[in-house]
Structure formats: C-alpha cells, structure tokens
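Beneath this line is the structure, given in structure tokens, with notes to follow.
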Amino acid sequence: MNLGDFDPEALARLLRADASRRVVLRSLGGLTALAVAGTPRAGRAAQDATPNASPAASPGATPGATPAATGPYRFMVGEIAVVAVPDGTLAFPSAALPPAPAQFLFADAPPEELAAALRDAGLGEWIDSPGTASAQVSITPLVIDTGDHRVLVDTGPGTGAPLPGGGQLVASLGAAGYPPETIDTVVLSHAHVDHILGAVDAAGAPAFPNARYVMGQTEHAFWTDGARLAEVFPDPAAREGAAGSARAILPLIEAKLGLVDDAAEAEIVPGVRAVAAPGHTPGHMAIAVESGGERLLATFDALSHPLHVEHPEGNSVFDTLPDQTDATRRALLDRAAADGTRLIVYHFPFPGLGRVVRQGDALRWEPAT
Ligand SMILES: [Zn+2]
C-alpha cells in the first residue's frame with residue numbers, strides 16, 4: 001500500500017465518466033480509493049478573548065495574544081484544555097479537488113440566493129469568476145487534554161499527499177507539546193480521507209503508538225456493510241471512491257480500534273462524549289467537551305463553511321445524505337444559539353472557534369478571535 005500513490009487523472013476520468021456527477025462528487029470524501037483500493041495502482045467572543053484563550057504553550061508566547069495562523073491555538077473549557085492543531089489547508093479547485101468553490105461548498109443552495117449571499121460575504125468572485133476563483137479550507141484536528149487523558153480528534157490526510165495541503169499534524173502536535181507518543185486516545189469523527197488517513201504513518205503503522213483508536217459504531221457499521229454502501233452509492237465507481245479511505249485505514253488500526261455508541265452520547269474519556277451528527281456521512285459524529293459548567297461542541301463536518309450558519313440549506317458536495325445533513329446542521333445550530341455553547345469547526349478558518357448568534361430569524365457565525 002502506498003498512500004502517496006494518488007492519481008489526480010484517475011479522479012478526473014471518474015468525474016468525466018459519471019452520469020450522476022453529484023453522486024460521484026459526494027464520494028470524493030473517500031477519494032483515496034483511487035490510490036489505495038480498487039485501481040491498478042492500488043496499493044461568544046468576549047469570553048473567548050480572555051487570557052485562557054491563548055496560543056499553546058511555546059517559548060515567548062503571550063497569553064491573550066492573537067494566535068498565529070500557523071501555530072496551535074489553546075483554550076480552556078472549564079478545567080479541560082483544548083488545542084486546535086493546524087494540519088494545513090486544502091485549496092480548490094485543484095487537481096485533487098476539481099469543483100469550483102461555490103459548487104463545492106453549497107451544492108444544494110438555490111442559485112440566486114447563493115449568489116446574493118456570497119456577494120454579501122465578499123465572495124462574489126465565486127459566482128462572477130468561477131473559472132479563476134479559488135478557496136482554501138483549513139484542516140484542524142483537536143487535542144483535548146483532560147489532565148488524565150490526551151485525546152486527539154481526527155488526524156488529517158496524512159503525509160502521503162493524496163490531498164496536497166495537509167500533513168502538518170505531527171509537526172504541529174510537537175509544537176503544541178503533544179508529540180504522537182503522548183496521545184492516549186485517537187477519535188475519528190468519520191471515515192473521510194481528510195480526517196483518517198493520518199491515523200497511520202507512511203509505512204501503514206498506527207501513527208500514535210500508545211493510543212487506543214475510537215470510532216462511532218454507526219460510522220464503522222456503514223463503511224463495512226456492503227449492502228448499505230451499495231444503497232447509498234449505487235454507482236460502483238462512486239462506491240469504490242467513497243469507501244476507499246475506510247477500506248485502506250480500518251484494517252491497519254483494527255487491533256487498536258474500539259467503537260462507541262454515538263447515538264447514546266457515549267463517554268470516550270471523562271468530560272468527552274461522542275454525539276451523533278449524521279448526514280455528512282451516515283455515522284458522522286461530533287464531540288462534546290464539558291467541564292466546570294462549560295460546554296464546547298466540535299462539529300467536524302456538520303458544517304463546512306461559516307456561511308452554512310446563515311444558510312444551512314447549502315450542503316457541500318461531500319455531504320453524503322443531504323437531507324439528513326441539513327437536519328443535523330439546523331438542530332445543532334439552533335441548540336448552540338439557544339444555550340450559548342461554543343462551537344469549533346474543523347474546516348472553518350483557523351482555529352474555527354466561535355459562537356452562533358441569533359439576529360431576528362437568522363443565525364450568524366461570530367468567530368472567537
Ligand atoms: Zn472534512
């Protein structure tokens with residue numbers, strides 16, 4: 001197996017060949033199939049601005065300073081430290097990610113409303129110059145340090161470069177003071193390529209040698225159930241593409257892997273729970289951190305862009321089950337707006353921490369920094 005053996009041309013051929021383009025696009029989250037399985041090449045802001053929101057411990061770091069875009073970002077949830085650990089950014093359109101930004105992130109949005117919203121947000125070029133517009137999406141795994149446990153949630157696309165732009169996780173973990181051997185629990189929110197390929201190193205061995213790996217039982221069941229896969233991805237090529245990253249990685253971590261009941265909000269370690277957030281993938285889960293009366297919800301890919309807060313109807317091409325994604329997103333946003341829970345979002349501009357505020361009938365994203 002060679003995780004670096006990604007073939008953008010194979011992906012382009014798949015996109016051109018498929019009659020149901022949306023289905024293929026929705027399968028891109030597992031695009032490593034093209035490289036590793038099934039091809040000949042297989043192988044509220046004021047509170048967040050308090051001094052407990054500061055760059056992760058590093059020489060010379062100034063408490064309360066604006067974090068560097070490229071350095072780890074540490075903040076507290078009660079007694080639990082959470083560190084946003086930058087892995088890099090995905091740029092699109094690109095050879096690996098061909099859709100234009102608006103199509104990529106807001107595939108289901110009504111065109112006229114989308115155009116107006118993007119122009120309001122200063123992103124009119126996504127509509128007016130789709131051939132030249134580009135976008136960058138952050139990749140931000142989290143370390144949750146409870147004192148007793150050091151939990152890493154999601155692992156980025158790894159260093160094999162199937163998705164150029166990521167792969168800085170291990171260096172960033174070192175900068176944050178959490179080299180891989182210090183991590184005792186690795187949680188995988190879902191089995192898309194930009195979240196789980198970094199679970200193993202370039203040799204295919206678990207990248208976090210002292211960790212147990214944890215995945216939601218719904219997600220694990222989906223990617224290992226051939227009949228269900230065929231139901232969701234009727235096209236064989238799309239199915240191969242979608243299932244590729246799970247098929248590549250799950251056998252390599254099987255000996256260390258445990259499943260949690262996300263539907264029951266199972267505890268992973270004290271203060272950290274799995275929260276079912278299905279739709280983006282059928283078993284996609286969020287992670288809740290609770291301590292000292294504070295709560296943080298790490299939403300992972302229930303949201304892909306800050307405009308999804310105002311326009312939850314605009315699913316991305318990666319949202320496998322659009323209606324369910326939409327319902328999950330709305331429920332999660334409504335709850336966050338009602339109870340003031342902070343959110344941190346994997347693909348929002350780094351570090352992706354903020355709150356959802358209600359303005360009349362609309363919701364709005366208020367970044368913490
Ligand atoms: Zn993602």
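Simple scheme: letters A, B, ... for chains in structure tokens order, numbers from 1 for residues in each chain, numbers from 1 for ligands in the order shown.
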So that I can check the surroundings of A:Val153, please list as a VMD selection string every protein, DNA and RNA residue that reaches within 12 Å of it, counting only C-alpha atoms and ignoring chain neighbours fewer than 4 positions away.
chain A and resid 82 to 85 139 to 145 169 183 to 190 195 to 196 198 to 199 208 211 to 215 268 272 to 274 285 to 289 298 to 300 344 to 346
Within 7 Å of ligand 1: each chain A residue with its shortest pair, only C-alpha atoms and all ligand atoms, as JSON lines:
{"residue": "A:His192", "atom": "CA", "partner": "ligand 1", "partner_atom_place_in_ligand_line": "1 (Zn)", "distance": 6.5}
{"residue": "A:Asp194", "atom": "CA", "partner": "ligand 1", "partner_atom_place_in_ligand_line": "1 (Zn)", "distance": 5.4}
{"residue": "A:His195", "atom": "CA", "partner": "ligand 1", "partner_atom_place_in_ligand_line": "1 (Zn)", "distance": 6.1}
{"residue": "A:Asp301", "atom": "CA", "partner": "ligand 1", "partner_atom_place_in_ligand_line": "1 (Zn)", "distance": 5.5}
{"residue": "A:His347", "atom": "CA", "partner": "ligand 1", "partner_atom_place_in_ligand_line": "1 (Zn)", "distance": 6.6}
Could you please determine the separation between atom CA of A:Ile253 and atom CA of A:Gly204 in Å, to one decimal place?
9.1 Å
Closest to A:Ala116 among A:Ala221, A:Leu343, A:Ala135, A:Leu307, using only C-alpha atoms?
A:Leu307
Please identify the alpha helix (DSSP H) residues within stretch 97-139 of chain A (assignment by DSSP from backbone atoms) and present them as number ranges by chain.
A: 101-105, 111-120, 125-128
